[in-house]
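A.B. asks: So that you have it, the file is query15.cif, and it contains mmCIF, C-alpha atoms and all ligand atoms:
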data_protein
loop_
_atom_site.label_atom_id
_atom_site.label_comp_id
_atom_site.auth_asym_id
_atom_site.auth_seq_id
_atom_site.Cartn_x
_atom_site.Cartn_y
_atom_site.Cartn_z
CA MET F 1 67.99 70.83 97.36
CA GLU F 2 71.54 71.76 96.99
CA ARG F 3 74.09 69.70 98.84
CA LEU F 4 75.75 72.27 100.98
CA THR F 5 79.46 71.87 101.17
CA ALA F 6 82.44 73.76 102.49
CA LEU F 7 83.76 76.68 100.47
CA THR F 8 87.07 76.08 98.73
CA TRP F 9 89.08 77.85 101.42
CA GLN F 10 87.43 75.80 104.16
CA ARG F 11 88.34 72.34 102.91
CA ALA F 12 90.90 71.50 105.59
CA LEU F 13 88.52 72.61 108.30
CA TRP F 14 85.70 70.64 106.70
CA ASP F 15 87.77 67.46 106.70
CA GLN F 16 88.48 68.03 110.36
CA LEU F 17 84.78 68.44 111.16
CA VAL F 18 83.85 65.38 109.12
CA GLY F 19 86.47 63.41 111.02
CA TRP F 20 84.81 64.44 114.29
CA GLN F 21 81.35 63.27 113.31
CA GLU F 22 81.29 60.13 115.40
CA ARG F 23 82.71 61.73 118.55
CA LEU F 24 81.36 65.18 118.12
CA PRO F 25 81.77 67.80 120.84
CA HIS F 26 78.37 69.15 121.86
CA ALA F 27 79.30 72.70 121.00
CA VAL F 28 81.56 73.83 118.18
CA LEU F 29 82.32 77.53 117.90
CA LEU F 30 83.48 78.68 114.48
CA HIS F 31 85.14 82.05 114.65
CA GLY F 32 86.86 84.41 112.26
CA GLY F 33 86.29 87.64 110.34
CA ARG F 34 82.90 88.78 109.22
CA GLY F 35 81.59 87.61 105.86
CA ILE F 36 84.09 84.81 105.23
CA GLY F 37 81.54 81.99 105.29
CA LYS F 38 81.37 80.77 108.88
CA ARG F 39 77.61 80.49 108.86
CA HIS F 40 77.70 78.71 105.52
CA LEU F 41 80.17 76.21 106.96
CA ALA F 42 78.01 75.67 110.04
CA MET F 43 74.93 75.19 107.88
CA ALA F 44 76.71 72.71 105.61
CA PHE F 45 77.96 70.74 108.59
CA GLY F 46 74.49 70.83 110.15
CA GLN F 47 73.09 69.37 106.95
CA LEU F 48 75.71 66.64 107.00
CA LEU F 49 74.88 65.78 110.62
CA LEU F 50 71.17 65.52 109.87
CA CYS F 51 71.44 63.86 106.44
CA GLU F 52 70.09 60.32 106.41
CA SER F 53 72.32 59.03 103.64
CA PRO F 54 75.55 61.01 103.51
CA GLY F 55 78.34 59.88 101.22
CA ALA F 56 82.03 60.72 101.12
CA GLY F 57 81.68 63.38 103.81
CA ARG F 58 78.86 65.19 102.04
CA PRO F 59 75.13 65.41 102.65
CA CYS F 60 73.08 63.72 99.92
CA GLY F 61 70.75 66.64 99.23
CA GLU F 62 67.89 64.26 98.47
CA CYS F 63 66.79 62.42 101.61
CA ALA F 64 63.80 63.52 103.65
CA SER F 65 66.09 65.24 106.14
CA CYS F 66 67.92 67.24 103.51
CA ARG F 67 64.62 68.27 101.95
CA LEU F 68 63.11 69.33 105.28
CA LEU F 69 66.19 71.35 106.05
CA ALA F 70 66.08 73.04 102.65
CA ALA F 71 62.48 74.02 103.36
CA ASP F 72 63.61 75.38 106.75
CA ASN F 73 61.20 72.94 108.29
CA HIS F 74 63.37 70.25 109.86
CA PRO F 75 61.94 69.17 113.23
CA ASP F 76 65.41 68.47 114.64
CA PHE F 77 66.98 71.76 113.58
CA ARG F 78 66.64 75.20 115.17
CA TRP F 79 68.06 78.63 114.44
CA LEU F 80 69.16 80.64 117.44
CA VAL F 81 69.71 84.02 115.80
CA PRO F 82 68.46 87.57 116.34
CA ALA F 83 64.93 88.01 115.03
CA ALA F 84 66.37 90.50 112.54
CA ASP F 85 68.54 87.75 111.05
CA MET F 86 65.87 85.08 110.72
CA PRO F 87 66.07 83.57 107.27
CA ALA F 88 63.41 85.26 105.19
CA ARG F 89 60.12 83.46 104.87
CA ASP F 90 56.93 84.75 103.44
CA GLU F 91 57.15 88.32 104.62
CA GLU F 92 54.15 88.56 106.89
CA GLU F 93 54.28 85.21 108.60
CA GLY F 94 57.52 84.85 110.47
CA ASP F 95 57.04 82.29 113.22
CA GLU F 96 58.22 84.57 116.00
CA GLY F 97 54.63 85.36 116.81
CA ASP F 98 55.60 88.00 119.36
CA GLU F 99 54.56 90.95 117.34
CA ALA F 100 51.38 90.75 115.39
CA PRO F 101 51.77 92.42 112.03
CA ALA F 102 50.12 95.79 112.13
CA SER F 103 47.14 95.99 109.86
CA GLY F 104 48.87 98.55 107.67
CA GLY F 105 51.71 96.08 107.25
CA ARG F 106 54.72 98.39 107.24
CA SER F 107 54.62 99.85 110.73
CA ARG F 108 55.82 96.80 112.62
CA LYS F 109 58.34 97.28 115.39
CA ALA F 110 61.86 96.62 114.16
CA PRO F 111 62.91 93.04 114.99
CA SER F 112 65.57 92.63 117.63
CA ARG F 113 69.25 92.52 116.77
CA GLU F 114 69.86 90.55 119.96
CA ILE F 115 69.25 86.92 120.83
CA LEU F 116 66.74 87.02 123.69
CA ILE F 117 66.13 84.71 126.60
CA ASP F 118 62.76 83.56 125.26
CA GLN F 119 64.50 82.25 122.18
CA VAL F 120 67.01 80.35 124.30
CA ARG F 121 64.15 78.92 126.37
CA LYS F 122 62.39 77.73 123.24
CA VAL F 123 65.58 75.96 122.20
CA GLY F 124 65.70 74.42 125.68
CA GLU F 125 62.18 73.06 125.18
CA PHE F 126 63.15 71.77 121.75
CA LEU F 127 66.14 69.95 123.22
CA GLY F 128 64.03 68.65 126.09
CA VAL F 129 62.07 66.32 123.83
CA SER F 130 63.67 63.51 121.92
CA SER F 131 64.70 63.67 118.30
CA HIS F 132 61.84 63.51 115.82
CA ARG F 133 63.72 61.65 113.16
CA GLY F 134 65.89 59.55 115.44
CA GLY F 135 69.16 61.31 114.73
CA ARG F 136 70.89 64.31 116.16
CA ARG F 137 69.37 67.63 117.03
CA VAL F 138 71.22 70.65 115.73
CA VAL F 139 71.06 74.26 116.90
CA LEU F 140 72.73 76.90 114.77
CA LEU F 141 73.68 79.81 117.01
CA ALA F 142 74.82 82.93 115.20
CA PRO F 143 76.37 85.18 116.16
CA VAL F 144 77.24 84.29 119.75
CA GLU F 145 77.99 87.97 120.42
CA ALA F 146 74.29 88.77 119.91
CA LEU F 147 73.20 86.88 123.04
CA ASN F 148 72.13 89.42 125.62
CA GLY F 149 73.00 88.86 129.29
CA PRO F 150 70.01 86.78 130.42
CA ALA F 151 70.06 84.77 127.18
CA ALA F 152 73.75 83.99 127.63
CA ASN F 153 73.13 82.78 131.18
CA ALA F 154 70.28 80.54 130.08
CA LEU F 155 72.41 79.12 127.28
CA LEU F 156 75.27 78.49 129.66
CA LYS F 157 73.11 76.12 131.68
CA MET F 158 72.33 74.17 128.53
CA LEU F 159 75.98 73.99 127.56
CA GLU F 160 76.85 72.68 131.01
CA GLU F 161 74.48 69.75 130.76
CA PRO F 162 73.75 69.25 127.11
CA PRO F 163 71.00 66.78 126.27
CA ALA F 164 72.23 63.66 124.50
CA GLY F 165 72.47 63.99 120.75
CA ALA F 166 72.25 67.79 120.82
CA VAL F 167 74.86 69.75 118.90
CA PHE F 168 75.34 73.49 119.03
CA LEU F 169 77.03 74.90 115.97
CA ALA F 170 77.94 78.43 116.96
CA VAL F 171 79.46 81.27 115.00
CA ALA F 172 81.31 84.36 116.23
CA ASP F 173 82.87 87.24 114.29
CA ASP F 174 84.79 88.46 117.30
CA ILE F 175 85.93 85.70 119.60
CA ASP F 176 87.17 88.24 122.14
CA ALA F 177 83.62 89.52 122.54
CA VAL F 178 82.32 86.07 123.53
CA LEU F 179 81.92 85.44 127.25
CA PRO F 180 84.80 83.28 128.54
CA THR F 181 82.26 81.03 130.27
CA ILE F 182 80.64 80.25 126.93
CA ARG F 183 83.92 80.03 125.08
CA SER F 184 85.29 77.50 127.53
CA ARG F 185 82.35 75.15 126.92
CA CYS F 186 82.86 75.07 123.18
CA VAL F 187 85.49 73.59 120.94
CA LEU F 188 86.91 76.57 119.07
CA LEU F 189 87.78 76.40 115.40
CA ARG F 190 89.22 79.35 113.54
CA VAL F 191 87.77 79.76 110.05
CA PRO F 192 90.30 81.14 107.57
CA ALA F 193 89.61 84.15 105.39
CA PRO F 194 89.68 83.32 101.68
CA PRO F 195 92.69 84.19 99.54
CA PRO F 196 91.53 86.98 97.18
CA GLU F 197 91.57 84.84 94.05
CA GLU F 198 89.32 82.22 95.65
CA ALA F 199 86.99 84.89 96.96
CA LEU F 200 86.76 86.41 93.46
CA ARG F 201 86.10 83.06 91.85
CA TRP F 202 83.34 82.34 94.31
CA LEU F 203 81.75 85.79 93.81
CA ARG F 204 81.74 85.33 90.04
CA GLU F 205 80.10 81.95 90.48
CA GLN F 206 77.39 83.71 92.46
CA GLY F 207 76.85 86.08 89.56
CA VAL F 208 78.12 89.16 91.39
CA ASP F 209 78.98 91.96 88.97
CA ASP F 210 82.07 94.03 89.40
CA ALA F 211 83.43 91.42 91.81
CA GLU F 212 86.86 92.95 92.23
CA ALA F 213 85.70 96.41 93.35
CA ARG F 214 82.97 94.95 95.53
CA LEU F 215 85.39 92.57 97.22
CA ALA F 216 87.76 95.45 97.96
CA GLU F 217 84.94 97.48 99.44
CA ALA F 218 83.85 94.54 101.57
CA GLY F 219 87.36 94.13 102.93
CA GLY F 220 87.93 90.74 101.31
CA ALA F 221 84.78 89.21 102.82
CA PRO F 222 82.87 87.72 99.89
CA LEU F 223 79.87 86.39 101.82
CA ALA F 224 79.23 89.84 103.24
CA ILE F 225 78.54 91.03 99.68
CA VAL F 226 76.04 88.32 98.91
CA ALA F 227 74.46 88.71 102.34
CA GLU F 228 74.07 92.41 101.67
CA GLU F 229 72.37 91.73 98.36
CA THR F 230 69.87 89.44 99.98
CA ALA F 231 69.53 91.27 103.29
CA ASP F 232 66.14 92.62 103.94
CA GLU F 233 65.72 96.34 103.98
CA ARG F 234 65.85 96.82 107.72
CA SER F 235 69.47 95.69 107.97
CA ARG F 236 70.65 97.20 104.72
CA LEU F 237 71.74 100.69 103.91
CA ASP F 238 69.57 101.62 100.98
CA PRO F 239 71.52 102.82 97.94
CA ALA F 240 70.19 106.40 98.10
CA ALA F 241 71.16 106.75 101.77
CA ARG F 242 74.55 105.23 101.09
CA GLU F 243 75.18 107.66 98.28
CA ALA F 244 74.09 110.65 100.37
CA LEU F 245 76.34 109.62 103.26
CA LEU F 246 79.29 109.02 100.93
CA ALA F 247 78.75 112.47 99.40
CA VAL F 248 79.10 114.08 102.83
CA LEU F 249 82.21 112.00 103.58
CA ALA F 250 83.73 113.01 100.26
CA ARG F 251 83.23 116.72 100.99
CA GLY F 252 85.14 116.43 104.24
CA ALA F 253 85.48 119.77 106.02
CA GLY F 254 83.57 121.35 103.13
CA ALA F 255 80.32 119.79 104.32
CA SER F 256 78.20 121.60 106.88
CA ALA F 257 76.46 120.17 109.91
CA ALA F 258 73.18 120.72 108.07
CA ASP F 259 74.47 118.65 105.12
CA ALA F 260 75.37 115.86 107.51
CA VAL F 261 72.06 115.89 109.32
CA GLY F 262 70.18 116.09 106.03
CA ALA F 263 71.96 113.00 104.68
CA VAL F 264 70.77 110.70 107.47
CA PRO F 265 67.35 109.13 106.89
CA ARG F 266 65.08 108.62 109.89
CA ASP F 267 65.15 104.81 109.83
CA VAL F 268 68.83 104.52 108.90
CA ALA F 269 70.47 101.10 109.43
CA VAL F 270 73.04 101.99 112.09
CA GLY F 271 75.45 99.06 111.76
CA PRO F 272 75.95 99.36 107.99
CA ALA F 273 76.18 103.16 108.18
CA ILE F 274 78.86 103.06 110.86
CA ARG F 275 80.68 100.38 108.91
CA LEU F 276 80.67 102.63 105.86
CA PHE F 277 82.18 105.45 107.97
CA GLN F 278 84.82 103.14 109.42
CA ARG F 279 85.96 101.96 106.02
CA TRP F 280 86.11 105.50 104.77
CA GLY F 281 88.23 106.44 107.78
CA TRP F 282 90.53 103.47 107.36
CA ASP F 283 90.96 104.37 103.71
CA LEU F 284 91.84 107.95 104.63
CA LEU F 285 94.45 106.76 107.11
CA ALA F 286 95.90 104.18 104.72
CA GLU F 287 96.06 106.73 101.93
CA ARG F 288 97.74 109.23 104.22
CA MET F 289 100.28 106.74 105.58
CA ALA F 290 100.95 104.52 102.59
CA GLN F 291 99.10 106.01 99.59
CA ARG F 292 96.90 102.95 99.59
CA VAL F 293 93.12 102.70 99.41
CA ARG F 294 91.51 99.42 100.30
CA TYR F 295 87.74 99.78 100.52
CA HIS F 296 86.89 102.56 98.10
CA PRO F 297 89.33 102.26 95.20
CA GLY F 298 86.83 104.08 92.98
CA GLN F 299 87.21 107.21 95.15
CA LYS F 300 90.99 107.13 95.33
CA ARG F 301 91.39 110.66 93.99
CA THR F 302 88.94 112.19 96.45
CA LEU F 303 90.50 110.25 99.30
CA ALA F 304 93.97 111.38 98.29
CA THR F 305 92.90 115.05 98.31
CA LEU F 306 91.25 114.71 101.71
CA ALA F 307 94.08 112.65 103.14
CA ARG F 308 96.60 115.41 102.52
CA ALA F 309 94.79 117.61 105.06
CA VAL F 310 94.12 114.85 107.57
CA ASP F 311 95.51 114.93 111.06
CA PRO F 312 95.96 111.19 111.73
CA PRO F 313 95.53 111.33 115.53
CA ARG F 314 92.25 113.24 115.14
CA LEU F 315 91.00 110.73 112.61
CA ALA F 316 92.10 107.80 114.77
CA HIS F 317 90.16 109.36 117.62
CA TRP F 318 87.04 109.47 115.44
CA LEU F 319 87.57 105.84 114.41
CA ALA F 320 87.79 104.83 118.06
CA ALA F 321 84.47 106.57 118.71
CA LEU F 322 82.98 104.71 115.74
CA ALA F 323 84.13 101.39 117.15
CA GLU F 324 82.23 102.24 120.32
CA ALA F 325 79.17 103.27 118.36
CA GLN F 326 79.39 100.03 116.39
CA ALA F 327 79.46 98.02 119.60
CA VAL F 328 76.09 99.42 120.67
CA SER F 329 74.61 99.62 117.17
CA GLU F 330 72.43 96.60 117.91
CA HIS F 331 70.29 98.62 120.24
CA PRO F 332 70.70 102.35 119.70
CA LEU F 333 68.12 104.44 121.48
CA ASN F 334 67.77 106.57 118.42
CA PRO F 335 69.32 105.22 115.21
CA ARG F 336 69.21 108.52 113.40
CA LEU F 337 70.87 110.38 116.23
CA ALA F 338 73.61 107.75 116.53
CA VAL F 339 74.51 108.06 112.85
CA GLU F 340 74.25 111.85 112.88
CA GLN F 341 76.64 112.05 115.80
CA ALA F 342 79.11 109.78 114.04
CA LEU F 343 78.96 111.90 110.91
CA LEU F 344 79.26 115.18 112.82
CA GLY F 345 82.28 113.68 114.56
CA TYR F 346 83.83 113.20 111.15
CA LEU F 347 83.21 116.82 110.14
CA ASP F 348 84.72 117.86 113.44
CA ALA F 349 87.82 115.74 112.90
CA MET F 350 88.25 117.02 109.35
CA GLN F 351 87.55 120.61 110.36
CA SER F 352 90.09 120.70 113.13
CA THR F 353 92.71 119.28 110.80
CA GLY F 354 91.96 122.13 108.42
CA ASP F 355 92.54 124.60 111.28
CA ALA F 356 95.79 122.96 112.21
CA ARG F 357 97.40 123.62 108.90
ZN ZN F 401 70.49 63.78 102.91
#
How does the structure come out when it is put into structure tokens?
Ligand SMILES: [Zn+2]

C.D. replies:
Amino acid sequence: MERLTALTWQRALWDQLVGWQERLPHAVLLHGGRGIGKRHLAMAFGQLLLCESPGAGRPCGECASCRLLAADNHPDFRWLVPAADMPARDEEEGDEGDEAPASGGRSRKAPSREILIDQVRKVGEFLGVSSHRGGRRVVLLAPVEALNGPAANALLKMLEEPPAGAVFLAVADDIDAVLPTIRSRCVLLRVPAPPPEEALRWLREQGVDDAEARLAEAGGAPLAIVAEETADERSRLDPAAREALLAVLARGAGASAADAVGAVPRDVAVGPAIRLFQRWGWDLLAERMAQRVRYHPGQKRTLATLARAVDPPRLAHWLAALAEAQAVSEHPLNPRLAVEQALLGYLDAMQSTGDAR
């Protein structure tokens, strides 16, 4: 398997983690912006901790432990992530076991975007027995914000009295959204965002086409792009839906409510759709204030035309509503309705600005 290692912009942090190996805190919380490689760093460090013949602060990539980990089959390693984020296995045989695949295959209930108490309990059972291979036991918890209330409480008990040899490697995009009680039981490490040139180099190494435009659109978060490419369809905005939503955004006040409603597919991925709206809104504001477009440089002309008519307070109000919608996007009662409302809010904001002129 590959020897996972820190990304170029994480080297200083990596050296710090490697230096901690012998006196490791039982919970390390890596935090920083989305898509900058926190989970990669946690995974690499987890591999190092479990590797049976590491050298020069790197896992060997060849020992039994490294091979088991690569096969996602290491007896001393557990993921604690939302079911929706479980690393892909053979499609129909995830080991969650809670929902039997429907006979037709496609009509399964959507997997949870939250980390649930049953998952935390399973980790508790895992930590309750001794290490299979005689070394540490590693739990990769990502993202911490996805723990629902009961799950967070159950985890807290584990963090208070961690079993010997257990290490939680946790990841959070938004440290302010993590419960203070959890935060205070972890050692916090801030993961830096990559400088653009390093992000571009890394993207090109991954074979990503059109790296510069994609990086701009992803707000400088290179791992978000690769994650999107490999994401399974339930968490991804499919290209046709994305295009339809962007077309409505680009028409601004010229689009009708029917256009907006018609652009939203029934099983739309709420998080990515709202994120698309947010970036469009931020671009409109930035263009209006500073003639700068960050996320959609390819649509600069359209954005410039729309921005001239924008009433910034109205748009800011819409963006604030989007932030709220994003916060509950993990469990919307009705995904389609949530996205429709967000898009109608945009038309409303653009419309009223038209009136104001
Ligand atoms: Zn190894």

A.B. asks: Select, from F:Arg275, F:Arg308, F:Arg214, F:Arg3, the residue with the minimum atom-to-atom distance to ligand ZN 401 (chain F), counting all atoms listed in the file.

C.D. replies: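 That would be F:Arg3, the residue with the smallest distance to ligand ZN 401 (chain F).
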
A.B. asks: Could you check the closest approach to ligand ZN 401 (chain F) for each of F:Gly19, F:Ala56, F:Cys66, F:Arg201 and tell me which residue wins, using all atoms listed in the file?

C.D. replies: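 Ranked by minimum distance to ligand ZN 401 (chain F), first place goes to F:Cys66.
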
A.B. asks: Would you give me, as a tab-separated table, each residue of chain F having an atom within 6 Å of an atom of ligand ZN 401 (chain F), along with its shortest atom pair and that distance in Å to one decimal, using all atoms listed in the file and sorting by chain and residue number?

C.D. replies:
residue	atom	partner	partner_atom	distance
F:Cys51	CA	F:ZN401	ZN	3.7
F:Glu52	CA	F:ZN401	ZN	4.9
F:Ser53	CA	F:ZN401	ZN	5.1
F:Pro54	CA	F:ZN401	ZN	5.8
F:Pro59	CA	F:ZN401	ZN	4.9
F:Cys60	CA	F:ZN401	ZN	4.0
F:Gly61	CA	F:ZN401	ZN	4.7
F:Glu62	CA	F:ZN401	ZN	5.2
F:Cys63	CA	F:ZN401	ZN	4.2
F:Ser65	CA	F:ZN401	ZN	5.7
F:Cys66	CA	F:ZN401	ZN	4.4

A.B. asks: So which residues touch F:Ala83 within 7 Å, counting all atoms listed in the file, skipping near sequence neighbours fewer than 2 positions away, as a ChimeraX atom specification?

C.D. replies: /F:81,85-86,111-113

A.B. asks: Excluding F:Glu161 and residues on its chain fewer than 3 positions from it, collect all residues at most 12 Å away from it, counting only C-alpha atoms, and give them as a list in words.

C.D. replies: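 The residues satisfying every condition are His26, Ala27, Gly124, Leu127, Gly128, Ala154, Leu155, Leu156, Lys157, Met158, Ala164, Gly165, Ala166, Val167 and Arg185 of chain F.
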
A.B. asks: Skip F:His132 itself and residues of its chain fewer than 5 positions away, then list as a list of chain:residue names all residues within 9 Å of it, counting all atoms listed in the file.

C.D. replies: F:Pro75, F:Asp76, F:Arg137

A.B. asks: Can you write out the residues you just picked, keeping C-alpha atoms, as a short mmCIF file (atom, residue, chain, number, x, y, z; two decimals), in the coordinates of the input?

C.D. replies:
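To be explicit, this is the file written out as part-v7.cif:
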data_model
loop_
_atom_site.label_atom_id
_atom_site.label_comp_id
_atom_site.auth_asym_id
_atom_site.auth_seq_id
_atom_site.Cartn_x
_atom_site.Cartn_y
_atom_site.Cartn_z
CA PRO F 75 61.94 69.17 113.23
CA ASP F 76 65.41 68.47 114.64
CA ARG F 137 69.37 67.63 117.03
#

A.B. asks: What's the 6 Å shell around F:Cys186, counting all atoms listed in the file, without same-chain residues fewer than 3 positions away, as a ChimeraX atom specification?

C.D. replies: /F:27-29,183

A.B. asks: Since fewer atoms than expected are present, regenerate N, CA and C atoms for stretch 141-160 of chain F and write them as a PDB file, in the frame of the given file.

C.D. replies:
ATOM      1  N   LEU F 141      73.663  78.588 116.190  1.00  0.00           N
ATOM      2  CA  LEU F 141      73.680  79.810 117.010  1.00  0.00           C
ATOM      3  C   LEU F 141      74.595  80.838 116.349  1.00  0.00           C
ATOM      4  N   ALA F 142      74.011  81.951 115.904  1.00  0.00           N
ATOM      5  CA  ALA F 142      74.820  82.930 115.200  1.00  0.00           C
ATOM      6  C   ALA F 142      74.219  84.337 115.299  1.00  0.00           C
ATOM      7  N   PRO F 143      75.035  85.329 115.597  1.00  0.00           N
ATOM      8  CA  PRO F 143      76.370  85.180 116.160  1.00  0.00           C
ATOM      9  C   PRO F 143      76.281  85.111 117.689  1.00  0.00           C
ATOM     10  N   VAL F 144      77.239  84.442 118.293  1.00  0.00           N
ATOM     11  CA  VAL F 144      77.240  84.290 119.750  1.00  0.00           C
ATOM     12  C   VAL F 144      77.218  85.661 120.435  1.00  0.00           C
ATOM     13  N   GLU F 145      77.896  86.636 119.813  1.00  0.00           N
ATOM     14  CA  GLU F 145      77.990  87.970 120.420  1.00  0.00           C
ATOM     15  C   GLU F 145      76.610  88.625 120.576  1.00  0.00           C
ATOM     16  N   ALA F 146      75.612  88.127 119.855  1.00  0.00           N
ATOM     17  CA  ALA F 146      74.290  88.770 119.910  1.00  0.00           C
ATOM     18  C   ALA F 146      73.462  88.328 121.110  1.00  0.00           C
ATOM     19  N   LEU F 147      73.928  87.299 121.837  1.00  0.00           N
ATOM     20  CA  LEU F 147      73.200  86.880 123.040  1.00  0.00           C
ATOM     21  C   LEU F 147      73.219  88.018 124.042  1.00  0.00           C
ATOM     22  N   ASN F 148      72.066  88.423 124.556  1.00  0.00           N
ATOM     23  CA  ASN F 148      72.130  89.420 125.620  1.00  0.00           C
ATOM     24  C   ASN F 148      72.399  88.695 126.955  1.00  0.00           C
ATOM     25  N   GLY F 149      72.567  89.457 128.023  1.00  0.00           N
ATOM     26  CA  GLY F 149      73.000  88.860 129.290  1.00  0.00           C
ATOM     27  C   GLY F 149      72.156  87.686 129.759  1.00  0.00           C
ATOM     28  N   PRO F 150      70.851  87.895 129.947  1.00  0.00           N
ATOM     29  CA  PRO F 150      70.010  86.780 130.420  1.00  0.00           C
ATOM     30  C   PRO F 150      70.022  85.595 129.464  1.00  0.00           C
ATOM     31  N   ALA F 151      70.051  85.866 128.163  1.00  0.00           N
ATOM     32  CA  ALA F 151      70.060  84.770 127.180  1.00  0.00           C
ATOM     33  C   ALA F 151      71.344  83.967 127.297  1.00  0.00           C
ATOM     34  N   ALA F 152      72.459  84.678 127.499  1.00  0.00           N
ATOM     35  CA  ALA F 152      73.750  83.990 127.630  1.00  0.00           C
ATOM     36  C   ALA F 152      73.746  83.095 128.868  1.00  0.00           C
ATOM     37  N   ASN F 153      73.182  83.595 129.958  1.00  0.00           N
ATOM     38  CA  ASN F 153      73.130  82.780 131.180  1.00  0.00           C
ATOM     39  C   ASN F 153      72.292  81.531 130.983  1.00  0.00           C
ATOM     40  N   ALA F 154      71.154  81.688 130.317  1.00  0.00           N
ATOM     41  CA  ALA F 154      70.280  80.540 130.080  1.00  0.00           C
ATOM     42  C   ALA F 154      70.989  79.523 129.186  1.00  0.00           C
ATOM     43  N   LEU F 155      71.703  80.030 128.189  1.00  0.00           N
ATOM     44  CA  LEU F 155      72.410  79.120 127.280  1.00  0.00           C
ATOM     45  C   LEU F 155      73.505  78.360 128.018  1.00  0.00           C
ATOM     46  N   LEU F 156      74.175  79.082 128.913  1.00  0.00           N
ATOM     47  CA  LEU F 156      75.270  78.490 129.660  1.00  0.00           C
ATOM     48  C   LEU F 156      74.824  77.218 130.383  1.00  0.00           C
ATOM     49  N   LYS F 157      73.626  77.286 130.970  1.00  0.00           N
ATOM     50  CA  LYS F 157      73.110  76.120 131.680  1.00  0.00           C
ATOM     51  C   LYS F 157      72.950  74.939 130.727  1.00  0.00           C
ATOM     52  N   MET F 158      72.500  75.245 129.514  1.00  0.00           N
ATOM     53  CA  MET F 158      72.330  74.170 128.530  1.00  0.00           C
ATOM     54  C   MET F 158      73.669  73.588 128.097  1.00  0.00           C
ATOM     55  N   LEU F 159      74.664  74.465 127.993  1.00  0.00           N
ATOM     56  CA  LEU F 159      75.980  73.990 127.560  1.00  0.00           C
ATOM     57  C   LEU F 159      76.654  73.177 128.654  1.00  0.00           C
ATOM     58  N   GLU F 160      76.271  73.451 129.905  1.00  0.00           N
ATOM     59  CA  GLU F 160      76.850  72.680 131.010  1.00  0.00           C
ATOM     60  C   GLU F 160      76.338  71.258 131.034  1.00  0.00           C
TER      61      GLU F 160
END
